[in-house]
Structures are given as structure tokens and as C-alpha cells.
$ cat query_17.pdb   # PDB, C-alpha atoms
MODEL        1
ATOM      1  CA  MET N   1     180.681-168.681 -32.218
ATOM      2  CA  ALA N   2     181.006-167.988 -28.527
ATOM      3  CA  ARG N   3     181.294-164.390 -27.507
ATOM      4  CA  SER N   4     184.404-163.430 -25.609
ATOM      5  CA  PRO N   5     183.707-162.160 -22.124
ATOM      6  CA  THR N   6     183.875-158.401 -21.702
ATOM      7  CA  SER N   7     185.562-156.911 -18.685
ATOM      8  CA  LYS N   8     183.340-154.736 -16.558
ATOM      9  CA  ILE N   9     184.766-151.370 -15.578
ATOM     10  CA  PRO N  10     183.313-150.155 -12.296
ATOM     11  CA  LYS N  11     181.565-146.838 -12.641
ATOM     12  CA  ALA N  12     182.183-144.038 -10.221
ATOM     13  CA  ASP N  13     179.273-143.449  -7.905
ATOM     14  CA  ALA N  14     177.054-140.627  -9.094
ATOM     15  CA  PRO N  15     176.915-137.689  -6.670
ATOM     16  CA  GLY N  16     174.028-137.835  -4.250
ATOM     17  CA  PRO N  17     171.467-135.048  -3.862
ATOM     18  CA  ARG N  18     173.372-133.302  -1.067
ATOM     19  CA  ASP N  19     176.494-133.038  -3.196
ATOM     20  CA  ARG N  20     174.488-131.973  -6.253
ATOM     21  CA  ILE N  21     172.897-129.195  -4.219
ATOM     22  CA  ILE N  22     176.284-127.936  -3.065
ATOM     23  CA  ASP N  23     177.639-128.059  -6.615
ATOM     24  CA  ALA N  24     174.562-126.250  -7.907
ATOM     25  CA  LEU N  25     174.877-123.378  -5.449
ATOM     26  CA  MET N  26     178.605-122.940  -6.055
ATOM     27  CA  ALA N  27     178.077-122.961  -9.827
ATOM     28  CA  LEU N  28     175.274-120.399  -9.598
ATOM     29  CA  ALA N  29     177.385-118.187  -7.316
ATOM     30  CA  GLY N  30     180.067-118.236  -9.980
ATOM     31  CA  ASP N  31     177.612-116.947 -12.597
ATOM     32  CA  MET N  32     175.434-114.421 -10.781
ATOM     33  CA  ARG N  33     175.040-112.260  -7.704
ATOM     34  CA  TRP N  34     174.399-114.021  -4.410
ATOM     35  CA  ASP N  35     171.176-112.148  -3.670
ATOM     36  CA  GLU N  36     169.756-113.136  -7.067
ATOM     37  CA  ILE N  37     170.112-116.872  -6.432
ATOM     38  CA  THR N  38     166.787-118.408  -5.400
ATOM     39  CA  LEU N  39     166.011-121.750  -3.817
ATOM     40  CA  SER N  40     164.069-122.712  -6.932
ATOM     41  CA  MET N  41     167.170-122.093  -9.069
ATOM     42  CA  ILE N  42     169.276-124.284  -6.800
ATOM     43  CA  ALA N  43     166.706-127.093  -6.847
ATOM     44  CA  ALA N  44     166.396-126.983 -10.642
ATOM     45  CA  ARG N  45     170.163-126.985 -11.164
ATOM     46  CA  ALA N  46     170.627-129.853  -8.709
ATOM     47  CA  ASP N  47     167.716-131.809 -10.245
ATOM     48  CA  VAL N  48     165.867-132.115  -6.945
ATOM     49  CA  SER N  49     162.444-130.963  -5.843
ATOM     50  CA  LEU N  50     162.008-128.029  -3.489
ATOM     51  CA  ALA N  51     160.728-130.501  -0.899
ATOM     52  CA  ASP N  52     163.915-132.560  -1.187
ATOM     53  CA  LEU N  53     166.046-129.409  -1.062
ATOM     54  CA  ARG N  54     164.276-128.436   2.158
ATOM     55  CA  ASP N  55     164.894-131.868   3.637
ATOM     56  CA  HIS N  56     168.640-131.605   2.972
ATOM     57  CA  TYR N  57     169.328-127.905   3.605
ATOM     58  CA  PRO N  58     167.032-125.250   5.117
ATOM     59  CA  SER N  59     168.819-122.273   3.536
ATOM     60  CA  LYS N  60     171.579-121.113   1.227
ATOM     61  CA  GLY N  61     173.726-120.561   4.306
ATOM     62  CA  ALA N  62     173.264-124.185   5.324
ATOM     63  CA  ILE N  63     174.448-125.264   1.876
ATOM     64  CA  ILE N  64     177.618-123.219   2.381
ATOM     65  CA  GLY N  65     178.022-125.079   5.660
ATOM     66  CA  GLY N  66     177.819-128.350   3.728
ATOM     67  CA  PHE N  67     180.428-127.062   1.300
ATOM     68  CA  SER N  68     182.723-126.112   4.175
ATOM     69  CA  LYS N  69     182.455-129.630   5.609
ATOM     70  CA  ARG N  70     183.289-131.049   2.161
ATOM     71  CA  ILE N  71     186.504-129.007   2.042
ATOM     72  CA  ASP N  72     187.313-129.982   5.633
ATOM     73  CA  ARG N  73     187.098-133.651   4.734
ATOM     74  CA  ILE N  74     189.301-133.278   1.663
ATOM     75  CA  VAL N  75     192.008-131.576   3.723
ATOM     76  CA  LEU N  76     191.712-133.930   6.699
ATOM     77  CA  ASP N  77     191.723-137.035   4.508
ATOM     78  CA  GLY N  78     194.939-135.783   2.920
ATOM     79  CA  SER N  79     196.658-135.084   6.234
ATOM     80  CA  GLY N  80     199.538-137.355   7.121
ATOM     81  CA  GLY N  81     202.495-137.374   9.460
ATOM     82  CA  ASP N  82     205.001-136.050   6.933
ATOM     83  CA  MET N  83     204.894-132.496   8.394
ATOM     84  CA  LEU N  84     205.022-133.359  12.090
ATOM     85  CA  GLY N  85     208.740-132.680  12.337
ATOM     86  CA  GLU N  86     208.425-129.236  10.787
ATOM     87  CA  PRO N  87     208.015-125.927  12.699
ATOM     88  CA  ALA N  88     204.463-124.932  13.623
ATOM     89  CA  ARG N  89     204.411-122.156  11.026
ATOM     90  CA  GLU N  90     205.273-124.591   8.230
ATOM     91  CA  ARG N  91     202.614-127.053   9.386
ATOM     92  CA  VAL N  92     199.910-124.377   9.357
ATOM     93  CA  LEU N  93     201.128-123.092   5.982
ATOM     94  CA  ASP N  94     200.856-126.593   4.548
ATOM     95  CA  VAL N  95     197.265-127.006   5.781
ATOM     96  CA  MET N  96     196.260-123.599   4.427
ATOM     97  CA  MET N  97     197.745-124.273   0.996
ATOM     98  CA  ARG N  98     196.050-127.680   0.824
ATOM     99  CA  ARG N  99     192.767-126.003   1.720
ATOM    100  CA  LEU N 100     193.227-123.487  -1.080
ATOM    101  CA  ASP N 101     193.958-126.356  -3.484
ATOM    102  CA  ALA N 102     190.702-128.052  -2.458
ATOM    103  CA  MET N 103     188.778-124.798  -2.952
ATOM    104  CA  ALA N 104     190.305-123.962  -6.340
ATOM    105  CA  PRO N 105     187.495-125.495  -8.492
ATOM    106  CA  TYR N 106     184.983-123.216  -6.736
ATOM    107  CA  LYS N 107     187.017-119.997  -6.853
ATOM    108  CA  ALA N 108     184.492-117.896  -8.795
ATOM    109  CA  GLY N 109     181.598-118.865  -6.530
ATOM    110  CA  LEU N 110     183.639-118.277  -3.387
ATOM    111  CA  LYS N 111     184.650-114.832  -4.615
ATOM    112  CA  GLU N 112     180.995-113.837  -4.987
ATOM    113  CA  ILE N 113     180.134-115.259  -1.557
ATOM    114  CA  ARG N 114     183.026-113.277  -0.047
ATOM    115  CA  ARG N 115     181.767-110.093  -1.756
ATOM    116  CA  ALA N 116     178.220-110.624  -0.500
ATOM    117  CA  ALA N 117     179.370-111.320   3.057
ATOM    118  CA  GLY N 118     181.346-108.078   3.071
ATOM    119  CA  GLN N 119     178.060-106.212   2.651
ATOM    120  CA  ASP N 120     175.996-108.264   5.113
ATOM    121  CA  PRO N 121     177.177-108.328   8.766
ATOM    122  CA  LEU N 122     174.856-111.206   9.697
ATOM    123  CA  MET N 123     176.101-113.325   6.810
ATOM    124  CA  LEU N 124     179.697-112.477   7.713
ATOM    125  CA  ALA N 125     179.123-113.510  11.335
ATOM    126  CA  ALA N 126     177.572-116.814  10.236
ATOM    127  CA  LEU N 127     180.471-117.526   7.874
ATOM    128  CA  ASN N 128     182.935-116.707  10.651
ATOM    129  CA  GLN N 129     181.289-119.307  12.892
ATOM    130  CA  MET N 130     181.631-121.878  10.110
ATOM    131  CA  ALA N 131     185.267-120.884   9.744
ATOM    132  CA  LEU N 132     185.877-121.384  13.466
ATOM    133  CA  ASN N 133     184.390-124.879  13.275
ATOM    134  CA  SER N 134     186.659-125.672  10.321
ATOM    135  CA  TRP N 135     189.834-124.189  11.745
ATOM    136  CA  ARG N 136     189.495-126.073  15.002
ATOM    137  CA  TYR N 137     190.028-129.214  12.913
ATOM    138  CA  MET N 138     192.528-127.645  10.521
ATOM    139  CA  LEU N 139     194.786-126.687  13.439
ATOM    140  CA  ALA N 140     194.372-130.161  14.899
ATOM    141  CA  ALA N 141     195.587-131.532  11.558
ATOM    142  CA  ALA N 142     198.620-129.232  11.891
ATOM    143  CA  ASP N 143     199.187-130.492  15.470
ATOM    144  CA  ILE N 144     198.490-127.057  16.977
ATOM    145  CA  GLU N 145     197.087-126.837  20.503
ATOM    146  CA  THR N 146     193.530-125.460  20.666
ATOM    147  CA  GLU N 147     192.296-126.676  24.054
ATOM    148  CA  ASP N 148     194.336-124.383  26.323
ATOM    149  CA  GLU N 149     193.440-120.844  27.443
ATOM    150  CA  LEU N 150     194.625-119.333  24.151
ATOM    151  CA  GLY N 151     193.110-122.041  21.971
ATOM    152  CA  MET N 152     190.152-119.966  20.833
ATOM    153  CA  VAL N 153     192.479-117.077  20.022
ATOM    154  CA  ARG N 154     194.544-119.387  17.796
ATOM    155  CA  ILE N 155     191.419-120.649  16.019
ATOM    156  CA  GLN N 156     190.069-117.164  15.371
ATOM    157  CA  GLY N 157     193.518-115.958  14.358
ATOM    158  CA  ALA N 158     193.907-118.750  11.818
ATOM    159  CA  ALA N 159     190.459-117.989  10.398
ATOM    160  CA  LEU N 160     191.358-114.308  10.001
ATOM    161  CA  VAL N 161     194.729-115.071   8.410
ATOM    162  CA  PHE N 162     193.018-117.321   5.887
ATOM    163  CA  LEU N 163     190.255-114.790   5.193
ATOM    164  CA  ARG N 164     192.755-112.002   4.487
ATOM    165  CA  THR N 165     194.753-114.316   2.248
ATOM    166  CA  LEU N 166     191.640-115.149   0.219
ATOM    167  CA  ASP N 167     191.466-111.562  -1.018
ATOM    168  CA  THR N 168     194.849-112.064  -2.695
ATOM    169  CA  TRP N 169     194.083-115.624  -3.826
ATOM    170  CA  PHE N 170     190.966-114.506  -5.697
ATOM    171  CA  GLU N 171     193.109-112.256  -7.902
ATOM    172  CA  ASP N 172     196.161-114.544  -8.164
ATOM    173  CA  GLU N 173     196.225-116.167 -11.615
ATOM    174  CA  GLY N 174     199.779-117.533 -11.346
ATOM    175  CA  GLU N 175     200.193-121.306 -11.463
ATOM    176  CA  ASP N 176     202.624-121.208  -8.545
ATOM    177  CA  LEU N 177     200.365-118.871  -6.498
ATOM    178  CA  ALA N 178     203.418-116.778  -5.621
ATOM    179  CA  ARG N 179     201.359-113.740  -4.607
ATOM    180  CA  THR N 180     199.135-115.881  -2.403
ATOM    181  CA  MET N 181     202.127-117.545  -0.754
ATOM    182  CA  ALA N 182     203.725-114.170  -0.054
ATOM    183  CA  ARG N 183     200.506-112.812   1.479
ATOM    184  CA  LEU N 184     200.040-115.941   3.554
ATOM    185  CA  ASP N 185     203.619-115.792   4.817
ATOM    186  CA  LYS N 186     203.148-112.136   5.801
ATOM    187  CA  GLU N 187     199.858-112.797   7.613
ATOM    188  CA  LEU N 188     201.274-115.799   9.475
ATOM    189  CA  GLY N 189     204.257-113.715  10.568
ATOM    190  CA  GLN N 190     201.981-111.044  12.001
ATOM    191  CA  GLY N 191     199.900-113.707  13.694
ATOM    192  CA  GLU N 192     202.969-115.244  15.308
ATOM    193  CA  ARG N 193     204.033-111.877  16.732
ATOM    194  CA  ILE N 194     200.569-111.250  18.188
ATOM    195  CA  MET N 195     200.432-114.737  19.733
ATOM    196  CA  GLY N 196     203.895-114.224  21.193
ATOM    197  CA  ARG N 197     202.757-111.040  22.955
ATOM    198  CA  LEU N 198     199.598-112.738  24.224
ATOM    199  CA  GLN N 199     201.609-115.641  25.614
ATOM    200  CA  ASP N 200     203.924-113.179  27.385
ATOM    201  CA  LEU N 201     200.908-111.437  28.930
ATOM    202  CA  GLN N 202     199.456-114.775  29.964
ATOM    203  CA  ARG N 203     202.669-115.708  31.784
ATOM    204  CA  LEU N 204     202.821-112.304  33.524
ATOM    205  CA  ALA N 205     199.164-112.523  34.596
ATOM    206  CA  ALA N 206     199.348-116.100  35.905
ATOM    207  CA  PRO N 207     200.370-115.187  39.517
ATOM    208  CA  PHE N 208     197.642-112.528  39.706
ATOM    209  CA  ARG N 209     194.967-114.952  38.517
ATOM    210  CA  GLY N 210     195.841-117.259  41.397
ATOM    211  CA  PHE N 211     195.759-114.361  43.879
ATOM    212  CA  PHE N 212     192.338-113.105  42.740
ATOM    213  CA  ARG N 213     190.932-116.636  42.662
ATOM    214  CA  ALA N 214     192.022-117.211  46.260
ATOM    215  CA  ALA N 215     190.622-113.820  47.311
ATOM    216  CA  MET N 216     187.240-114.611  45.772
ATOM    217  CA  GLU N 217     187.163-118.009  47.465
ATOM    218  CA  ARG N 218     187.868-116.394  50.862
ATOM    219  CA  ARG N 219     185.162-113.799  50.257
ATOM    220  CA  THR N 220     182.649-116.499  49.375
ATOM    221  CA  SER N 221     183.497-118.563  52.429
ATOM    222  CA  HIS N 222     182.933-115.525  54.742
ATOM    223  CA  ARG N 223     179.605-114.456  53.194
ATOM    224  CA  PRO N 224     176.814-114.537  55.859
ATOM    225  CA  ALA N 225     174.241-117.283  55.437
ATOM    226  CA  GLY N 226     171.224-116.178  53.433
ATOM    227  CA  GLU N 227     173.050-113.295  51.722
ATOM    228  CA  GLU N 228     172.125-113.121  48.068
ATOM    229  CA  ARG N 229     174.301-111.961  45.211
ATOM    230  CA  ALA N 230     173.124-109.021  43.148
ATOM    231  CA  SER N 231     171.853-109.964  39.713
ATOM    232  CA  PHE N 232     171.732-107.710  36.685
TER     233      PHE N 232
ENDMDL
END
$ encode --input "query_17.pdb" --output "C-alpha cells"
Amino acid sequence: MARSPTSKIPKADAPGPRDRIIDALMALAGDMRWDEITLSMIAARADVSLADLRDHYPSKGAIIGGFSKRIDRIVLDGSGGDMLGEPARERVLDVMMRRLDAMAPYKAGLKEIRRAAGQDPLMLAALNQMALNSWRYMLAAADIETEDELGMVRIQGAALVFLRTLDTWFEDEGEDLARTMARLDKELGQGERIMGRLQDLQRLAAPFRGFFRAAMERRTSHRPAGEERASF
């Protein structure tokens, strides 16, 4: 009797070593203190050798960088044009909430990393640089200008708003994240007021920047030949 053909169900691709390493670190951070996590523990949990771990990531910090890029991609892949007609504040709020959704499975590990960074200035500075790299793209996804004179201020401001909101998110157990939304709304409001004042100052200073630029150009053009500038 002939056997009936069986349909083949495609299997999802197994995570590669880089993803397993990220998952291993985040799982370990959810179970123990950051300073107790060793490279050997990460390698064992990810089922890779120490040599392979070294090839993929040189440090625990680099693995966090890989995690940050993973979250960036999830948010950016989910960005569409459905928010483009909304006010800037609503667009940024949408991106921030989608980022929190992407981070939700790793909440315990992220809470420990946040605690450790609060006690280590060098770690905090490194994480801030990662955040700036992420928020440059997050603001682009929200159609927020970042290439003008205040662009870096907007990027750093968004990173700080998100960081402050995380402290509430870590303790928010509500399904609707009402406390997190309220904190985020408050922080964004404060950020808007600060940016408004900076933009006012920028407009007031614009004529003076042109004056000083012209004065410096005239001074340079009248400098005697061979005169050297002082160096410090």
C-alpha cells in the first residue's frame, strides 16, 4: 500500500551563535549580579567555546551593544508611515513605547544592567554612547531632525527621557503600563520646554554668530605673514 505524502512544515531557523550569546548574557543578568557574570558562564550558557565568544564579542559591554542593535532593528523594522501625520511628540512617544515592547522579554536583565551602570561611571558613559547611536535612528524613525545645530541635543535629550522612564518601567507591573506612560508623557513635556528655550536662544544668537564669524575672518586676513597662532 502506497504511503500518502506528508507535508513538510518549514522549521524556524535556529538562532546563530551571536544571538545565543546575547540571550545568554541577558538571561544571566536576570538571575545574578552583573559583576558576578563571567565570560565562561556566558560561553557555557550560549553553547559556544571561549574562542568563539571572543571572535564574536570582546567583552560583556560589546554583547550589550549587540543587544541594543537587536532592539534597534525590531523597532525600525516595525516603523511605518502611519504616524507621519501626527505631532512630533506623538511620533516620539510611539517609538519609545515600541522600544519598550521590544525590550519587555529582557526586563529583569536590563534592570540589573541599569543598577550596575548606576554604580560604575565608565559603564554608564559607555551605555550612554550606545544610547546615542540608537536614538539617532529612533528619532529618524519618528521623522525628527537630527542633522541641524540642535540635532545632538535632541538625541541626548531623547536618550535621557528614555533612561528616566526606564526607572518607572522596571517597577510597572500593569498590563497597560499606565505608570510608564504617565512618566514618559511628563518627561517628554519637560524635554519639549527645554528644546523650546534652546531654539529661542538659537534664534537670538544667530545675528551675533554672523558678526563674530565676520570679525574673525577680517582678523585672519590682516594677520602679518609668518605670524603663528598660540597653541596650548
$ residues_around --input "query_17.pdb" --residues "range 103-106 of chain N" --least-positions-apart "5" --cutoff "8 Å" --atoms "only C-alpha atoms" --output "ChimeraX atom specification"
/N:26-27,30,71
$ write_last_selection --input "query_17.pdb" --atoms "C-alpha atoms" --output "tab-separated table (two decimals), in the coordinates of the input"
chain	number	residue	atom	x	y	z
N	26	MET	CA	178.60	-122.94	-6.06
N	27	ALA	CA	178.08	-122.96	-9.83
N	30	GLY	CA	180.07	-118.24	-9.98
N	71	ILE	CA	186.50	-129.01	2.04
$ closest_residue --input "query_17.pdb" --among "N:Gly66, N:Gly61, N:Gly157, N:Pro17" --to "Ala117 in chain N" --atoms "only C-alpha atoms"
N:Gly61
$ atom_distance --input "query_17.pdb" --atom1 "CA of Ala182 in chain N" --atom2 "CA of Leu124 in chain N"
25.3 Å
$ atom_distance --input "query_17.pdb" --atom1 "CA of Val153 in chain N" --atom2 "CA of Lys60 in chain N"
28.4 Å
$ resolve_selection --input "query_17.pdb" --expression "the PyMOL selection byres ((chain N and resi 133-138) around 10)" --output "JSON, numbers by chain"
{"N": [65, 68, 69, 71, 72, 73, 75, 76, 79, 92, 95, 96, 99, 127, 128, 129, 130, 131, 132, 139, 140, 141, 142, 143, 144, 145, 146, 147, 151, 152, 154, 155, 156, 157, 158, 159, 162]}
$ residues_around --input "query_17.pdb" --residues "Ile63 in chain N" --least-positions-apart "6" --cutoff "10 Å" --atoms "all atoms listed in the file" --output "ChimeraX atom specification"
/N:18-19,21-26,53,56-57,69
$ axis_aligned_box --input "query_17.pdb" --around "range 49-66 of chain N" --padding-each-side "3 Å" --output "lines of an AutoDock Vina configuration file"
center_x = 169.4
center_y = -126.6
center_z = -0.1
size_x = 23.3
size_y = 18.0
size_z = 17.5
$ closest_residue --input "query_17.pdb" --among "N:Gly174, N:Gly109, N:Pro121, N:Pro15" --to "Arg33 in chain N" --atoms "all atoms listed in the file"
N:Gly109
$ atom_distance --input "query_17.pdb" --atom1 "CA of Arg114 in chain N" --atom2 "CA of Glu192 in chain N"
25.2 Å
$ closest_residue --input "query_17.pdb" --among "N:Asp77, N:Asp94, N:Asp47, N:Asp101" --to "Asp185 in chain N" --atoms "all atoms listed in the file"
N:Asp94
$ closest_residue --input "query_17.pdb" --among "N:Arg89, N:Ala62, N:Met181, N:Ala29" --to "Arg193 in chain N" --atoms "only C-alpha atoms"
N:Arg89
$ closest_residue --input "query_17.pdb" --among "N:Leu150, N:Met97, N:Leu122, N:Ile113" --to "Arg183 in chain N" --atoms "all atoms listed in the file"
N:Met97
$ closest_residue --input "query_17.pdb" --among "N:Ala51, N:Leu184, N:Ala108, N:Ile42" --to "Glu171 in chain N" --atoms "only C-alpha atoms"
N:Ala108
$ decode --input "query_17.pdb" --residues "range 35-57 of chain N" --atoms "N, CA, C and O atoms" --output "CSV table (one decimal), in the first residue's frame"
chain,number,residue,atom,x,y,z
N,35,ASP,N,28.4,42.0,38.1
N,35,ASP,CA,29.8,41.8,38.3
N,35,ASP,C,30.2,40.3,38.6
N,35,ASP,O,31.3,39.9,38.7
N,36,GLU,N,29.1,39.5,38.8
N,36,GLU,CA,29.4,38.0,39.1
N,36,GLU,C,29.4,37.2,37.8
N,36,GLU,O,29.7,36.0,37.8
N,37,ILE,N,28.9,37.8,36.7
N,37,ILE,CA,28.8,37.1,35.4
N,37,ILE,C,30.2,37.1,34.8
N,37,ILE,O,30.8,38.1,34.6
N,38,THR,N,30.6,35.9,34.5
N,38,THR,CA,31.9,35.7,33.8
N,38,THR,C,31.8,35.3,32.4
N,38,THR,O,30.7,34.9,31.9
N,39,LEU,N,32.8,35.5,31.6
N,39,LEU,CA,32.8,35.1,30.2
N,39,LEU,C,32.6,33.6,30.0
N,39,LEU,O,31.9,33.2,29.1
N,40,SER,N,33.2,32.9,30.9
N,40,SER,CA,33.0,31.4,30.9
N,40,SER,C,31.5,31.0,31.1
N,40,SER,O,31.0,30.1,30.4
N,41,MET,N,30.8,31.7,32.0
N,41,MET,CA,29.4,31.5,32.2
N,41,MET,C,28.6,31.8,30.9
N,41,MET,O,27.7,31.0,30.5
N,42,ILE,N,28.9,32.9,30.3
N,42,ILE,CA,28.2,33.3,29.0
N,42,ILE,C,28.5,32.2,28.0
N,42,ILE,O,27.5,31.8,27.3
N,43,ALA,N,29.7,31.8,27.8
N,43,ALA,CA,30.0,30.8,26.7
N,43,ALA,C,29.3,29.5,27.0
N,43,ALA,O,28.7,28.9,26.1
N,44,ALA,N,29.3,29.1,28.2
N,44,ALA,CA,28.6,27.8,28.6
N,44,ALA,C,27.1,27.9,28.3
N,44,ALA,O,26.5,27.0,27.7
N,45,ARG,N,26.5,29.0,28.7
N,45,ARG,CA,25.1,29.2,28.5
N,45,ARG,C,24.7,29.3,27.0
N,45,ARG,O,23.7,28.8,26.6
N,46,ALA,N,25.6,29.9,26.3
N,46,ALA,CA,25.3,30.1,24.8
N,46,ALA,C,25.8,28.8,24.0
N,46,ALA,O,25.5,28.8,22.8
N,47,ASP,N,26.4,27.9,24.7
N,47,ASP,CA,26.9,26.7,24.0
N,47,ASP,C,27.9,27.0,22.9
N,47,ASP,O,27.8,26.6,21.8
N,48,VAL,N,28.9,27.9,23.3
N,48,VAL,CA,30.0,28.2,22.4
N,48,VAL,C,31.3,28.1,23.2
N,48,VAL,O,31.2,28.2,24.4
N,49,SER,N,32.4,28.0,22.5
N,49,SER,CA,33.6,28.0,23.1
N,49,SER,C,34.1,29.4,23.5
N,49,SER,O,33.5,30.4,22.9
N,50,LEU,N,35.0,29.5,24.4
N,50,LEU,CA,35.5,30.9,24.7
N,50,LEU,C,36.2,31.5,23.5
N,50,LEU,O,36.1,32.7,23.3
N,51,ALA,N,36.8,30.7,22.7
N,51,ALA,CA,37.4,31.2,21.5
N,51,ALA,C,36.4,31.8,20.5
N,51,ALA,O,36.6,32.9,20.0
N,52,ASP,N,35.3,31.1,20.4
N,52,ASP,CA,34.2,31.6,19.5
N,52,ASP,C,33.5,32.8,20.1
N,52,ASP,O,33.2,33.8,19.4
N,53,LEU,N,33.4,32.8,21.5
N,53,LEU,CA,32.8,34.0,22.1
N,53,LEU,C,33.7,35.2,21.9
N,53,LEU,O,33.2,36.3,21.5
N,54,ARG,N,35.0,35.0,21.9
N,54,ARG,CA,36.0,36.1,21.7
N,54,ARG,C,35.9,36.6,20.3
N,54,ARG,O,36.0,37.8,20.0
N,55,ASP,N,35.7,35.7,19.3
N,55,ASP,CA,35.6,36.1,17.9
N,55,ASP,C,34.4,37.0,17.7
N,55,ASP,O,34.4,37.9,16.9
N,56,HIS,N,33.3,36.7,18.4
N,56,HIS,CA,32.0,37.4,18.2
N,56,HIS,C,32.0,38.7,19.0
N,56,HIS,O,31.5,39.8,18.5
N,57,TYR,N,32.4,38.7,20.3
N,57,TYR,CA,32.3,39.8,21.2
N,57,TYR,C,33.5,39.9,22.1
N,57,TYR,O,33.8,38.9,22.8
